[in-house]
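Pasting protein_10.cif here (mmCIF, C-alpha atoms):
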data_work
#
loop_
_atom_site.label_atom_id
_atom_site.label_comp_id
_atom_site.auth_asym_id
_atom_site.auth_seq_id
_atom_site.Cartn_x
_atom_site.Cartn_y
_atom_site.Cartn_z
CA MET F 1 -16.65 16.34 -6.58
CA ALA F 2 -14.74 17.82 -9.52
CA SER F 3 -14.99 16.20 -12.93
CA ASN F 4 -12.72 13.20 -13.40
CA LYS F 5 -9.46 14.09 -15.16
CA PHE F 6 -9.42 10.59 -16.68
CA GLY F 7 -12.87 10.87 -18.25
CA GLN F 8 -16.33 9.57 -17.41
CA ASN F 9 -15.12 5.99 -16.88
CA GLY F 10 -12.17 7.09 -14.74
CA TRP F 11 -8.68 5.62 -14.95
CA THR F 12 -8.50 2.11 -16.40
CA PRO F 13 -5.58 -0.08 -17.54
CA GLU F 14 -6.46 0.80 -21.15
CA ARG F 15 -4.28 3.87 -20.57
CA LEU F 16 -1.20 1.70 -20.08
CA GLY F 17 1.44 1.45 -22.79
CA ASN F 18 4.27 -1.06 -23.03
CA LEU F 19 6.02 -1.38 -19.65
CA SER F 20 8.98 -3.48 -20.81
CA GLY F 21 12.18 -2.65 -18.93
CA LYS F 22 10.30 -1.32 -15.88
CA THR F 23 10.42 -3.09 -12.52
CA TYR F 24 7.72 -2.83 -9.85
CA LEU F 25 8.02 -4.06 -6.27
CA ILE F 26 4.70 -4.97 -4.64
CA THR F 27 4.19 -5.96 -1.00
CA GLY F 28 1.47 -8.53 -0.35
CA ALA F 29 1.28 -9.54 -4.01
CA ASN F 30 0.20 -13.18 -3.76
CA SER F 31 -3.54 -12.44 -3.41
CA GLY F 32 -6.18 -9.73 -3.66
CA THR F 33 -5.38 -6.34 -5.18
CA GLY F 34 -1.62 -7.02 -5.06
CA PHE F 35 -2.04 -10.14 -7.19
CA GLU F 36 -4.35 -8.34 -9.63
CA ALA F 37 -1.93 -5.39 -9.88
CA SER F 38 0.89 -7.86 -10.62
CA LYS F 39 -1.17 -9.49 -13.34
CA ILE F 40 -1.98 -6.19 -15.07
CA LEU F 41 1.62 -4.94 -14.93
CA LEU F 42 3.01 -8.25 -16.17
CA SER F 43 0.50 -8.32 -19.04
CA LYS F 44 2.06 -5.04 -20.24
CA GLY F 45 5.59 -6.46 -20.20
CA ALA F 46 6.77 -5.13 -16.82
CA GLU F 47 8.90 -7.04 -14.34
CA VAL F 48 7.23 -7.64 -10.97
CA VAL F 49 9.06 -8.56 -7.77
CA MET F 50 6.62 -9.78 -5.13
CA LEU F 51 7.52 -9.07 -1.50
CA ASN F 52 5.50 -11.62 0.48
CA ARG F 53 5.86 -13.47 3.77
CA ASN F 54 4.51 -16.86 2.60
CA GLU F 55 6.76 -18.81 0.23
CA GLN F 56 4.23 -21.51 -0.63
CA ARG F 57 1.48 -19.03 -1.54
CA SER F 58 3.96 -16.94 -3.50
CA ASN F 59 5.09 -19.91 -5.58
CA LYS F 60 1.45 -20.78 -6.29
CA ALA F 61 0.70 -17.17 -7.28
CA ILE F 62 3.67 -17.16 -9.67
CA ALA F 63 2.56 -20.51 -11.16
CA ASP F 64 -0.98 -19.17 -11.63
CA LEU F 65 0.32 -16.00 -13.33
CA LYS F 66 2.54 -18.00 -15.68
CA ALA F 67 -0.32 -20.36 -16.53
CA GLU F 68 -2.49 -17.38 -17.48
CA LEU F 69 0.04 -15.01 -19.06
CA GLY F 70 2.76 -17.34 -20.35
CA ALA F 71 5.92 -18.92 -18.95
CA ASP F 72 8.16 -16.08 -20.15
CA ILE F 73 6.70 -13.35 -17.88
CA ASN F 74 9.26 -11.71 -15.60
CA VAL F 75 7.92 -12.34 -12.08
CA SER F 76 9.83 -13.31 -8.95
CA PHE F 77 9.45 -13.44 -5.19
CA ILE F 78 11.55 -12.20 -2.28
CA LYS F 79 10.54 -13.35 1.18
CA MET F 80 9.66 -10.48 3.50
CA ASP F 81 7.54 -10.35 6.63
CA LEU F 82 6.52 -6.76 7.41
CA SER F 83 5.85 -7.70 11.03
CA GLU F 84 9.58 -8.33 11.59
CA LEU F 85 11.93 -5.44 10.91
CA SER F 86 14.88 -7.85 10.61
CA SER F 87 12.99 -9.62 7.79
CA VAL F 88 12.42 -6.27 6.07
CA GLN F 89 16.14 -5.48 6.24
CA ASN F 90 17.07 -8.92 4.90
CA ALA F 91 14.70 -8.41 1.98
CA VAL F 92 16.16 -4.95 1.31
CA GLU F 93 19.65 -6.44 0.99
CA GLU F 94 18.35 -8.98 -1.51
CA ILE F 95 16.46 -6.31 -3.46
CA LYS F 96 19.58 -4.16 -3.70
CA LYS F 97 21.51 -7.10 -5.15
CA LYS F 98 18.83 -8.20 -7.63
CA VAL F 99 16.96 -5.04 -8.69
CA PRO F 100 19.18 -2.36 -10.26
CA LYS F 101 16.35 0.08 -11.07
CA ILE F 102 13.00 0.41 -9.28
CA GLU F 103 10.18 2.09 -11.17
CA ALA F 104 7.83 1.98 -8.18
CA LEU F 105 7.53 0.43 -4.74
CA ILE F 106 3.84 -0.32 -4.13
CA CYS F 107 3.02 -0.59 -0.41
CA ASN F 108 -0.02 -2.81 -0.85
CA ALA F 109 0.20 -5.41 1.96
CA ALA F 110 -1.97 -5.04 5.03
CA ILE F 111 -3.63 -6.89 7.86
CA ALA F 112 -7.08 -5.90 9.10
CA GLN F 113 -9.34 -6.27 12.11
CA VAL F 114 -7.27 -8.76 14.10
CA PRO F 115 -9.81 -9.85 16.78
CA LYS F 116 -7.53 -9.54 19.84
CA GLN F 117 -4.40 -7.52 20.46
CA VAL F 118 -1.34 -9.22 18.96
CA LEU F 119 2.19 -7.85 19.26
CA THR F 120 4.78 -8.27 16.51
CA PRO F 121 8.19 -9.82 17.31
CA ASP F 122 9.46 -6.23 17.67
CA GLY F 123 6.76 -5.48 20.27
CA PHE F 124 4.38 -3.36 18.17
CA GLU F 125 0.59 -3.68 17.98
CA SER F 126 0.20 -5.80 14.86
CA HIS F 127 -1.75 -3.36 12.66
CA ILE F 128 0.62 -0.43 13.20
CA GLY F 129 3.60 -2.81 13.08
CA VAL F 130 2.73 -4.39 9.73
CA ASN F 131 0.79 -1.69 7.91
CA HIS F 132 2.83 1.34 8.98
CA TYR F 133 6.17 0.59 10.70
CA GLY F 134 7.12 -2.25 8.34
CA HIS F 135 6.46 -0.12 5.26
CA PHE F 136 8.10 2.92 6.91
CA VAL F 137 11.37 0.99 7.26
CA LEU F 138 11.06 -0.63 3.82
CA CYS F 139 10.56 2.72 2.08
CA GLY F 140 13.34 4.36 4.09
CA SER F 141 15.80 1.54 3.42
CA LEU F 142 15.13 1.62 -0.34
CA PHE F 143 14.89 5.39 -0.61
CA ASP F 144 18.38 5.95 -2.06
CA SER F 145 17.73 3.27 -4.70
CA LEU F 146 14.40 4.89 -5.56
CA ASP F 147 16.01 8.33 -5.71
CA LYS F 148 18.69 7.04 -8.08
CA SER F 149 15.97 5.52 -10.30
CA GLN F 150 13.77 8.64 -10.00
CA GLY F 151 11.15 6.11 -8.94
CA ARG F 152 7.94 6.26 -6.96
CA ILE F 153 6.44 5.13 -3.69
CA VAL F 154 2.76 4.23 -3.81
CA VAL F 155 1.04 4.06 -0.43
CA VAL F 156 -2.20 2.07 -0.46
CA GLY F 157 -4.38 3.56 2.25
CA SER F 158 -7.99 2.76 3.07
CA GLU F 159 -11.28 4.56 3.51
CA GLY F 160 -11.03 3.08 7.00
CA TYR F 161 -8.75 6.01 7.91
CA LYS F 162 -11.86 8.07 8.67
CA MET F 163 -13.73 5.40 10.63
CA GLY F 164 -11.47 5.33 13.70
CA ILE F 165 -10.38 7.99 16.20
CA LYS F 166 -9.26 10.36 13.40
CA THR F 167 -5.87 11.08 14.94
CA ILE F 168 -2.79 9.21 16.15
CA GLN F 169 -2.92 7.79 19.66
CA PHE F 170 0.61 8.78 20.70
CA ASP F 171 0.11 8.05 24.39
CA ASP F 172 -0.67 4.37 23.66
CA MET F 173 0.48 3.33 20.17
CA ASN F 174 -0.05 -0.34 21.08
CA TRP F 175 -3.64 0.20 22.22
CA ASP F 176 -2.99 -1.59 25.51
CA LYS F 177 -5.89 0.22 27.18
CA ASN F 178 -8.57 0.41 24.49
CA TYR F 179 -7.82 -2.25 21.84
CA ASN F 180 -10.53 -2.47 19.20
CA PRO F 181 -10.10 -4.52 15.97
CA MET F 182 -11.63 -1.88 13.70
CA LYS F 183 -10.20 1.23 15.36
CA THR F 184 -6.64 -0.12 15.50
CA TYR F 185 -6.82 -1.03 11.80
CA CYS F 186 -8.15 2.47 10.97
CA HIS F 187 -5.39 3.98 13.13
CA SER F 188 -2.71 2.16 11.12
CA LYS F 189 -4.17 3.21 7.76
CA LEU F 190 -4.38 6.84 8.88
CA ALA F 191 -0.72 6.55 9.94
CA GLN F 192 0.23 5.29 6.46
CA ILE F 193 -1.59 8.16 4.74
CA MET F 194 -0.08 10.80 7.04
CA PHE F 195 3.38 9.30 6.55
CA ALA F 196 3.03 9.60 2.76
CA TYR F 197 2.10 13.29 2.75
CA GLU F 198 4.81 14.10 5.31
CA LEU F 199 7.33 12.21 3.16
CA GLN F 200 6.32 14.37 0.17
CA ASP F 201 7.16 17.52 2.13
CA ARG F 202 10.51 16.13 3.28
CA ILE F 203 11.43 15.05 -0.26
CA SER F 204 10.59 18.52 -1.54
CA SER F 205 12.76 20.16 1.14
CA ALA F 206 15.66 17.81 0.36
CA ASN F 207 15.34 18.22 -3.45
CA LYS F 208 15.11 14.48 -4.00
CA ASN F 209 13.67 12.73 -7.05
CA VAL F 210 11.10 10.30 -5.65
CA GLY F 211 7.39 10.69 -6.35
CA VAL F 212 4.97 9.70 -3.57
CA TYR F 213 1.30 9.01 -4.29
CA VAL F 214 -1.58 7.90 -2.08
CA CYS F 215 -4.54 5.76 -3.08
CA HIS F 216 -7.14 3.36 -1.72
CA PRO F 217 -8.86 0.30 -3.25
CA GLY F 218 -12.39 1.19 -2.20
CA SER F 219 -14.47 -1.77 -1.08
CA SER F 220 -12.97 -4.72 -2.94
CA ALA F 221 -13.53 -8.47 -2.76
CA THR F 222 -10.14 -9.51 -1.38
CA SER F 223 -8.98 -11.97 1.29
CA LEU F 224 -7.88 -9.18 3.66
CA ILE F 225 -10.64 -9.67 6.26
CA LYS F 226 -10.67 -13.44 5.67
CA ASN F 227 -6.95 -13.70 6.43
CA SER F 228 -6.79 -11.64 9.63
CA GLY F 229 -10.30 -10.63 10.73
CA GLY F 230 -12.52 -12.29 13.32
CA LEU F 231 -15.46 -14.58 12.52
CA ARG F 232 -18.14 -11.86 12.78
CA ASP F 233 -16.26 -9.52 10.42
CA ARG F 234 -15.60 -12.35 7.97
CA ILE F 235 -19.32 -13.21 7.84
CA ILE F 236 -20.41 -9.56 7.44
CA PHE F 237 -17.92 -8.87 4.64
CA GLY F 238 -18.74 -12.20 2.99
CA LEU F 239 -22.41 -11.13 2.75
CA MET F 240 -21.51 -7.59 1.63
CA SER F 241 -19.24 -8.89 -1.13
CA LYS F 242 -22.29 -10.35 -2.88
CA THR F 243 -23.83 -6.86 -3.22
CA PRO F 244 -23.07 -3.86 -5.52
CA LEU F 245 -21.35 -2.19 -2.54
CA VAL F 246 -18.25 -4.31 -3.23
CA GLN F 247 -16.23 -4.38 -6.45
CA THR F 248 -13.77 -6.96 -7.80
CA ALA F 249 -10.18 -7.18 -6.56
CA GLU F 250 -9.09 -6.35 -10.10
CA LYS F 251 -10.89 -3.00 -10.00
CA GLY F 252 -9.52 -2.47 -6.49
CA ALA F 253 -6.03 -2.67 -8.03
CA TYR F 254 -6.62 0.16 -10.52
CA PRO F 255 -5.77 3.05 -8.14
CA GLU F 256 -2.35 1.62 -7.20
CA ILE F 257 -1.49 0.95 -10.85
CA LEU F 258 -2.61 4.48 -11.73
CA CYS F 259 -0.24 5.89 -9.10
CA ALA F 260 2.62 3.62 -10.18
CA THR F 261 2.40 4.19 -13.94
CA GLU F 262 0.54 7.35 -14.98
CA ASN F 263 2.61 10.26 -16.34
CA LYS F 264 3.64 12.47 -13.43
CA GLU F 265 2.21 15.57 -15.12
CA ASN F 266 -1.23 13.91 -14.89
CA LEU F 267 -0.89 13.20 -11.16
CA ASN F 268 -1.50 15.50 -8.22
CA PRO F 269 0.86 14.51 -5.35
CA LYS F 270 -1.57 15.85 -2.72
CA ALA F 271 -4.47 13.88 -4.21
CA TYR F 272 -6.00 10.71 -2.81
CA TYR F 273 -6.84 8.34 -5.66
CA GLY F 274 -9.52 5.67 -5.64
CA PRO F 275 -13.10 4.86 -6.65
CA THR F 276 -15.18 8.04 -6.79
CA GLY F 277 -18.69 6.52 -6.69
CA ARG F 278 -21.02 5.81 -3.77
CA LEU F 279 -19.18 6.28 -0.43
CA GLN F 280 -15.92 6.15 -2.46
CA TRP F 281 -16.28 2.35 -2.26
CA THR F 282 -16.83 1.65 -5.98
CA GLY F 283 -17.06 3.55 -9.25
CA PRO F 284 -14.72 5.31 -11.71
CA VAL F 285 -11.17 5.79 -10.42
CA GLY F 286 -9.99 9.37 -9.94
CA GLU F 287 -9.31 11.96 -7.22
CA CYS F 288 -11.28 11.34 -4.02
CA ASN F 289 -12.17 13.62 -1.13
CA LEU F 290 -9.68 13.47 1.74
CA GLU F 291 -10.59 14.57 5.26
CA SER F 292 -8.45 17.46 6.53
CA PHE F 293 -7.29 15.62 9.67
CA ALA F 294 -5.35 13.20 7.43
CA GLN F 295 -3.09 16.09 6.44
CA ASP F 296 -2.58 17.60 9.91
CA LYS F 297 1.05 18.75 9.64
CA ASP F 298 1.82 18.79 13.37
CA ILE F 299 0.48 15.26 13.90
CA ALA F 300 2.26 13.96 10.77
CA LYS F 301 5.58 15.47 11.89
CA LYS F 302 5.24 13.93 15.34
CA LEU F 303 4.27 10.57 13.81
CA TRP F 304 7.44 10.66 11.71
CA GLU F 305 9.60 11.30 14.77
CA VAL F 306 7.85 8.55 16.77
CA SER F 307 8.20 6.14 13.85
CA GLU F 308 11.94 6.75 13.52
CA LYS F 309 12.40 6.28 17.26
CA GLU F 310 10.25 3.15 17.57
CA THR F 311 11.77 1.39 14.56
CA ASN F 312 15.30 2.68 15.21
CA HIS F 313 15.39 3.69 11.55
CA THR F 314 16.49 7.20 10.56
CA TRP F 315 15.78 8.30 7.00
CA ASN F 316 18.60 9.75 4.91
CA LEU F 317 16.89 12.85 3.54
CA ILE F 318 19.67 15.44 3.43
#

Show me, as structure tokens, the structure contained in the file I just sent.
Amino acid sequence: MASNKFGQNGWTPERLGNLSGKTYLITGANSGTGFEASKILLSKGAEVVMLNRNEQRSNKAIADLKAELGADINVSFIKMDLSELSSVQNAVEEIKKKVPKIEALICNAAIAQVPKQVLTPDGFESHIGVNHYGHFVLCGSLFDSLDKSQGRIVVVGSEGYKMGIKTIQFDDMNWDKNYNPMKTYCHSKLAQIMFAYELQDRISSANKNVGVYVCHPGSSATSLIKNSGGLRDRIIFGLMSKTPLVQTAEKGAYPEILCATENKENLNPKAYYGPTGRLQWTGPVGECNLESFAQDKDIAKKLWEVSEKETNHTWNLI
């Protein structure tokens, strides 16, 4: 591993300056790393627009943030369910009306290890539907706004990308034949990572002005498994979270804030940012090792084409 560009302690929020006048959109921001990222950005004067599916939890999250940081912080909520593409499009219309300039869209929301196969209202296996297709359409629908703002897309991947089948299962994207809670989750996170690097290449070819960065939270104490995982996985992660193998949700948020805020000259678009310590689960935040299959150009190109076809959403990258 090369030495950390951000020093021995890695990237921390101490590097942040005043973020007044900058607006960040964060999916899945009412708990876990999304909530912690919101808190850090708001504490530096930024505006945060949460894109969440649950109104009640979002209102509580906003109340908690105001109680801690002050009633004058600029935080709001737009209802969006990534599992329903119509909900994504409705949210996009609202965003376009309310947010004139987007500094960064942080694709943080995810579901993980759903015990049995569940299909979204659009007919997709739930992990690929929420984690990849929902974000694919969200990013594509907001791309012109991001380009106008010279903004960024931050894709929050997972070290799980290398724990599954290590490619995209094109012949059965819904895993009808071999559904497995862990492998389908890993499949969706690999899809997100491959989408991000393919998007970089397409932006470069089209001479557009959107930065795309990829990160992962390491092993962080969030409610991800608790919210969607089965009983066995919830128990295992609950025990693990009491050990040094798991870091706080706040530290898990550092990589996505790094990607959303750090000066572009300090960022490597082809990098994969996250904790650089043991197993890349914890430790100082910097550039991590990325397995070569995650940047397989032929697979990424095919995934893009399949994603456009499945979601009926064509990107405007001309």

Q: Would you kindly return, as a PyMOL selection string, each protein, DNA or RNA residue with an atom no farther than 12 Å from any atom of Gly7 of chain F, considering all atoms listed in the file and excluding same-chain residues fewer than 5 positions away?
A: chain F and resi 2+12+15+284-287

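For Trp175 of chain F, the set of protein, DNA and RNA residues having any atom at most 9 Å away, when counting all atoms listed in the file and skipping those fewer than 5 positions along the same chain, is Gln117, Glu125, Gln169, Asn180 and Thr184 of chain F.
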
Keeping only C-alpha atoms, write those residues as a JSON list (two decimals), in the coordinates of the input.
[["chain", "number", "residue", "atom", "x", "y", "z"],
["F", 117, "GLN", "CA", -4.40, -7.52, 20.46],
["F", 125, "GLU", "CA", 0.59, -3.68, 17.98],
["F", 169, "GLN", "CA", -2.92, 7.79, 19.66],
["F", 180, "ASN", "CA", -10.53, -2.47, 19.20],
["F", 184, "THR", "CA", -6.64, -0.12, 15.50]]

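Using all atoms listed in the file, the smallest distance between any of F:Val212, F:Ile257, F:Met194, F:Ala109 and Ile40 of chain F comes from F:Ile257.
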
**Q.** Separation of atom CA of Leu279 of chain F from atom CA of Ser31 of chain F, in Å and rounded to one decimal
**A.** 24.6 Å

Q. Counting only C-alpha atoms, which of F:Gly32, F:Pro275, F:Gly134, F:Gly21 gets nearest to Ala221 of chain F?
A. F:Gly32

Q.
Can you translate the PyMOL selection byres ((chain F and resi 276) around 10) into the concrete residues it hits in this file, as a PyMOL selection string?
A. chain F and resi 1+4+10+218+273-275+277-289
